[in-house]
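Next comes structure_32.csv, with CSV, C-alpha atoms and all ligand atoms.
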```csv
chain,number,residue,atom,x,y,z
A,577,MET,CA,88.7,106.2,125.5
A,578,PRO,CA,85.9,103.5,125.1
A,579,PRO,CA,83.1,104.8,122.8
A,580,THR,CA,80.6,104.8,125.6
A,581,MET,CA,82.7,107.0,127.9
A,582,LYS,CA,81.8,110.7,127.9
A,583,PRO,CA,84.5,113.2,127.2
A,584,LEU,CA,85.0,115.3,130.3
A,585,PRO,CA,86.6,118.7,131.0
A,586,GLU,CA,90.3,118.5,131.9
A,587,PRO,CA,90.9,121.5,134.2
A,588,SER,CA,94.1,123.4,133.6
A,589,PRO,CA,95.8,125.9,136.0
A,590,ASP,CA,93.8,128.7,134.2
A,591,THR,CA,90.4,126.9,134.3
A,592,LYS,CA,90.6,125.0,137.6
A,593,PRO,CA,89.0,127.8,139.7
A,594,PHE,CA,86.0,127.7,137.4
A,595,TRP,CA,85.6,123.9,137.8
A,596,ASP,CA,86.2,124.0,141.5
A,597,GLY,CA,83.5,126.6,141.8
A,598,LEU,CA,81.0,124.4,140.0
A,599,ASN,CA,81.8,121.6,142.5
A,600,GLU,CA,80.8,124.0,145.3
A,601,ASP,CA,77.6,125.1,143.5
A,602,GLU,CA,79.1,128.5,142.5
A,603,VAL,CA,79.6,130.1,139.1
A,604,ARG,CA,82.9,131.9,139.2
A,605,LEU,CA,84.0,134.2,136.4
A,606,GLN,CA,87.2,136.1,135.8
A,607,ARG,CA,87.1,139.9,135.9
A,608,CYS,CA,90.0,142.1,134.7
A,609,ALA,CA,91.3,144.3,137.5
A,610,ASP,CA,92.6,146.8,135.0
A,611,CYS,CA,89.7,147.4,132.6
A,612,GLY,CA,86.8,145.8,134.5
A,613,SER,CA,85.8,143.4,131.7
A,614,TRP,CA,84.2,140.1,132.6
A,615,VAL,CA,86.1,137.2,130.9
A,616,TYR,CA,84.8,133.8,129.8
A,617,TYR,CA,86.2,131.3,128.9
A,618,PRO,CA,88.9,131.3,131.7
A,619,ARG,CA,92.3,132.3,130.4
A,620,ALA,CA,95.6,133.8,131.5
A,621,ARG,CA,95.1,137.3,130.0
A,622,CYS,CA,92.2,139.7,129.5
A,623,PRO,CA,91.1,139.5,125.8
A,624,HIS,CA,90.2,143.2,125.9
A,625,CYS,CA,93.4,144.9,127.3
A,626,LEU,CA,95.8,141.9,127.6
A,627,SER,CA,96.3,142.5,131.3
A,628,ALA,CA,97.3,139.4,133.3
A,629,ALA,CA,95.5,140.9,136.4
A,630,LEU,CA,92.4,138.6,136.3
A,631,ASP,CA,90.5,138.0,139.6
A,632,TRP,CA,87.9,135.4,140.2
A,633,GLN,CA,84.5,136.5,141.4
A,634,VAL,CA,81.4,134.6,142.3
A,635,VAL,CA,78.4,135.6,140.2
A,636,SER,CA,74.7,134.6,140.3
A,637,GLY,CA,74.8,132.5,137.2
A,638,ARG,CA,71.5,134.0,136.1
A,639,GLY,CA,71.2,135.0,132.5
A,640,ARG,CA,69.1,134.7,129.3
A,641,ILE,CA,69.0,132.3,126.4
A,642,TYR,CA,70.9,134.0,123.6
A,643,SER,CA,70.5,131.2,121.1
A,644,TRP,CA,69.5,127.6,121.1
A,645,THR,CA,69.1,124.4,119.0
A,646,ILE,CA,67.9,120.9,119.4
A,647,GLY,CA,70.5,118.3,118.7
A,648,ARG,CA,68.9,115.2,117.2
A,649,GLN,CA,72.1,113.4,116.2
A,650,PRO,CA,74.6,112.5,119.0
A,651,THR,CA,77.8,114.4,118.6
A,652,HIS,CA,79.6,111.5,120.2
A,653,PRO,CA,78.5,107.8,120.7
A,654,ALA,CA,78.4,108.3,124.5
A,655,PHE,CA,75.6,110.9,124.1
A,656,ALA,CA,73.4,108.5,122.0
A,657,GLY,CA,71.0,108.0,124.9
A,658,GLU,CA,70.6,111.8,125.5
A,659,VAL,CA,69.2,112.9,122.2
A,660,PRO,CA,67.4,115.1,121.5
A,661,GLN,CA,69.6,117.5,123.4
A,662,ARG,CA,68.5,121.0,124.2
A,663,LEU,CA,71.6,123.0,123.4
A,664,ALA,CA,71.8,126.7,124.2
A,665,VAL,CA,74.1,129.7,124.3
A,666,VAL,CA,73.3,131.5,127.5
A,667,GLU,CA,74.3,135.1,128.1
A,668,LEU,CA,75.0,135.7,131.8
A,669,GLU,CA,74.0,139.0,133.4
A,670,GLU,CA,77.7,140.0,133.2
A,671,GLY,CA,77.5,139.8,129.4
A,672,VAL,CA,79.6,136.7,128.8
A,673,ARG,CA,78.2,133.9,126.8
A,674,LEU,CA,78.6,130.2,127.3
A,675,THR,CA,77.5,127.0,125.5
A,676,THR,CA,75.4,124.7,127.7
A,677,THR,CA,72.6,122.2,127.9
A,678,MET,CA,69.1,123.2,129.0
A,679,VAL,CA,67.5,120.8,131.5
A,680,ASP,CA,64.2,120.7,133.5
A,681,CYS,CA,62.3,122.1,130.5
A,682,GLY,CA,60.5,121.3,127.3
A,683,ASP,CA,61.1,122.3,123.7
A,684,GLU,CA,58.6,125.1,124.2
A,685,ASP,CA,60.8,126.7,126.9
A,686,LEU,CA,63.6,127.3,124.3
A,687,VAL,CA,62.9,131.0,123.6
A,688,VAL,CA,65.5,133.6,122.9
A,689,GLY,CA,65.6,136.0,125.8
A,690,ARG,CA,64.0,133.6,128.3
A,691,ALA,CA,65.5,134.0,131.8
A,692,VAL,CA,67.5,131.1,133.0
A,693,GLU,CA,69.3,130.0,136.2
A,694,PRO,CA,72.2,127.6,136.7
A,695,VAL,CA,71.9,123.9,137.5
A,696,PHE,CA,75.0,122.2,139.0
A,697,ASP,CA,75.1,118.8,137.5
A,698,HIS,CA,77.3,116.8,139.9
A,699,GLY,CA,78.6,113.7,138.0
A,700,ALA,CA,79.6,110.5,139.6
A,701,ASP,CA,83.0,111.1,138.1
A,702,GLY,CA,83.7,114.0,140.3
A,703,MET,CA,83.2,116.7,137.6
A,704,THR,CA,80.3,119.1,137.9
A,705,LEU,CA,78.9,120.5,134.6
A,706,LEU,CA,77.0,123.8,134.3
A,707,ARG,CA,73.6,123.4,132.8
A,708,PHE,CA,70.6,125.8,132.9
A,709,ARG,CA,66.9,125.7,133.4
A,710,PRO,CA,64.1,128.3,133.0
A,711,ALA,CA,64.1,130.7,136.0
B,1,ZN,ZN,91.2,144.1,130.7
```

Mind turning the file's structure into structure tokens?
Ligand SMILES: [Zn+2]
Amino acid sequence: MPPTMKPLPEPSPDTKPFWDGLNEDEVRLQRCADCGSWVYYPRARCPHCLSAALDWQVVSGRGRIYSWTIGRQPTHPAFAGEVPQRLAVVELEEGVRLTTTMVDCGDEDLVVGRAVEPVFDHGADGMTLLRFRPA
């Protein structure tokens, strides 16, 4: 990979429905049909009861900032033009947490507990990334 090319997700059979959902402006999460737990990241078995009966459901994508930081050093040469990056862990209403980038906001918007909504970042490469902004 050339140093200026960004690493991209590589969907697997277990994660493809998640990435397909983002392409259609939907946040899709797995939910265990046996114990009811929401599951993220996507996987083959429920981490709570080990059931393989995981269904995909569309959720709102709304949540709150659980934690955040400002990245001032690029983690990869391809991100050198994007620092500082507003990195966050967002807890969705369903209780799962995901690591993301905050957009359409300033540093002052990075507050634990702040309500956020999804932003579907459609890249020219055909992959859509899930980012968030203040709601
Ligand atoms: Zn389960």

Name each residue within 10 Å of ligand ZN 1 (chain B), counting only C-alpha atoms and all ligand atoms, as an mmCIF file with C-alpha atoms, in the frame of the given file.
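Listed below is the output, selection_16.cif:
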```cif
data_model
loop_
_atom_site.group_PDB
_atom_site.id
_atom_site.type_symbol
_atom_site.label_atom_id
_atom_site.label_comp_id
_atom_site.auth_asym_id
_atom_site.auth_seq_id
_atom_site.Cartn_x
_atom_site.Cartn_y
_atom_site.Cartn_z
ATOM 1 C CA ARG A 607 87.100 139.900 135.900
ATOM 2 C CA CYS A 608 90.000 142.100 134.700
ATOM 3 C CA ALA A 609 91.300 144.300 137.500
ATOM 4 C CA ASP A 610 92.600 146.800 135.000
ATOM 5 C CA CYS A 611 89.700 147.400 132.600
ATOM 6 C CA GLY A 612 86.800 145.800 134.500
ATOM 7 C CA SER A 613 85.800 143.400 131.700
ATOM 8 C CA TRP A 614 84.200 140.100 132.600
ATOM 9 C CA VAL A 615 86.100 137.200 130.900
ATOM 10 C CA ARG A 621 95.100 137.300 130.000
ATOM 11 C CA CYS A 622 92.200 139.700 129.500
ATOM 12 C CA PRO A 623 91.100 139.500 125.800
ATOM 13 C CA HIS A 624 90.200 143.200 125.900
ATOM 14 C CA CYS A 625 93.400 144.900 127.300
ATOM 15 C CA LEU A 626 95.800 141.900 127.600
ATOM 16 C CA SER A 627 96.300 142.500 131.300
ATOM 17 C CA ALA A 628 97.300 139.400 133.300
ATOM 18 C CA ALA A 629 95.500 140.900 136.400
ATOM 19 C CA LEU A 630 92.400 138.600 136.300
#
```

Quick check, in Å to one decimal: how far apart do CA of Asp685 (chain A) and CA of Pro618 (chain A) lie? 28.9 Å

Please work out which residues fall within 10 Å of (61.7, 125.8, 130.6), coordinates as given in the file, with only C-alpha atoms counting, and return them as an mmCIF file with C-alpha atoms, in the frame of the given file.
```cif
data_model
loop_
_atom_site.group_PDB
_atom_site.id
_atom_site.type_symbol
_atom_site.label_atom_id
_atom_site.label_comp_id
_atom_site.auth_asym_id
_atom_site.auth_seq_id
_atom_site.Cartn_x
_atom_site.Cartn_y
_atom_site.Cartn_z
ATOM 1 C CA MET A 678 69.100 123.200 129.000
ATOM 2 C CA VAL A 679 67.500 120.800 131.500
ATOM 3 C CA ASP A 680 64.200 120.700 133.500
ATOM 4 C CA CYS A 681 62.300 122.100 130.500
ATOM 5 C CA GLY A 682 60.500 121.300 127.300
ATOM 6 C CA ASP A 683 61.100 122.300 123.700
ATOM 7 C CA GLU A 684 58.600 125.100 124.200
ATOM 8 C CA ASP A 685 60.800 126.700 126.900
ATOM 9 C CA LEU A 686 63.600 127.300 124.300
ATOM 10 C CA VAL A 687 62.900 131.000 123.600
ATOM 11 C CA ARG A 690 64.000 133.600 128.300
ATOM 12 C CA ALA A 691 65.500 134.000 131.800
ATOM 13 C CA VAL A 692 67.500 131.100 133.000
ATOM 14 C CA PHE A 708 70.600 125.800 132.900
ATOM 15 C CA ARG A 709 66.900 125.700 133.400
ATOM 16 C CA PRO A 710 64.100 128.300 133.000
ATOM 17 C CA ALA A 711 64.100 130.700 136.000
#
```

Take CA of Thr591 (chain A) and CA of Thr645 (chain A) and report the distance between them in Å, one decimal.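 For CA of Thr591 (chain A) relative to CA of Thr645 (chain A), the distance reads 26.3 Å.
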
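Taking all atoms listed in the file into account, Val635 (chain A) lies nearest to A:Gln606 out of the set A:Gln606, A:Thr676, A:Ser588, A:Thr704.
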
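Using all atoms listed in the file, the smallest distance between any of A:Leu584, A:Leu663, A:Val634, A:Val688 and Arg648 (chain A) comes from A:Leu663.
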
Shell around region 595-600 of chain A at 8 Å using all atoms listed in the file, local window under 6 positions removed, as a list of chain:residue names: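 The residues that qualify are A:Pro587, A:Phe696, A:His698, A:Met703, A:Thr704, A:Leu705, A:Leu706.
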
Give me the residues near Arg662 (chain A) as a PyMOL selection string, where near means some atom within 7 Å (using all atoms listed in the file) and where sequence neighbours in that chain fewer than 2 positions away do not count. chain A and resi 645-647+660+664+677-678

Would you mind listing what lies within 6 Å of Val666 (chain A) as a list in words, with all atoms listed in the file counted and same-chain residues fewer than 5 positions away left out?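 Here the answer would be Arg640, Ile641, Tyr642, Arg673 and Leu674 of chain A.
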
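Straight-line separation from CA of Arg619 (chain A) to CA of Glu669 (chain A): 19.7 Å.
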
Do you know which residues are at most 12 Å from Ala656 (chain A) counting only C-alpha atoms, after dropping those on the same chain fewer than 5 positions away, and could you put them as an MDAnalysis selection string? chainID A and resid 579:582 647:651 661

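Distance annotation: of A:Thr675, A:Pro583, A:Asp590, A:Arg707, the residue with the minimal separation from Asp631 (chain A) is A:Asp590; atom set is only C-alpha atoms.
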
Quick one: 5 Å padding each side, axis-aligned, all listed atoms of region 627-637 of chain A - centre and edge lengths in Å to one decimal, as JSON?
```
{"center_x": 86.0, "center_y": 137.5, "center_z": 136.8, "size_x": 32.6, "size_y": 20.0, "size_z": 21.0}
```

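Among A:Gly637, A:Glu670, A:Pro653, A:Val659, the residue with the shortest atom-to-atom distance to Asp601 (chain A), counting all atoms listed in the file, is A:Gly637.
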
From A:Glu693, A:Glu586, A:Glu658, A:Asp701, residue lying nearest Ser636 (chain A) [all atoms listed in the file]: A:Glu693

Can you work out which one of A:Gly657, A:Pro694, A:Pro585, A:Gly671 has the shortest atom-to-atom distance to Arg638 (chain A), counting all atoms listed in the file? A:Pro694
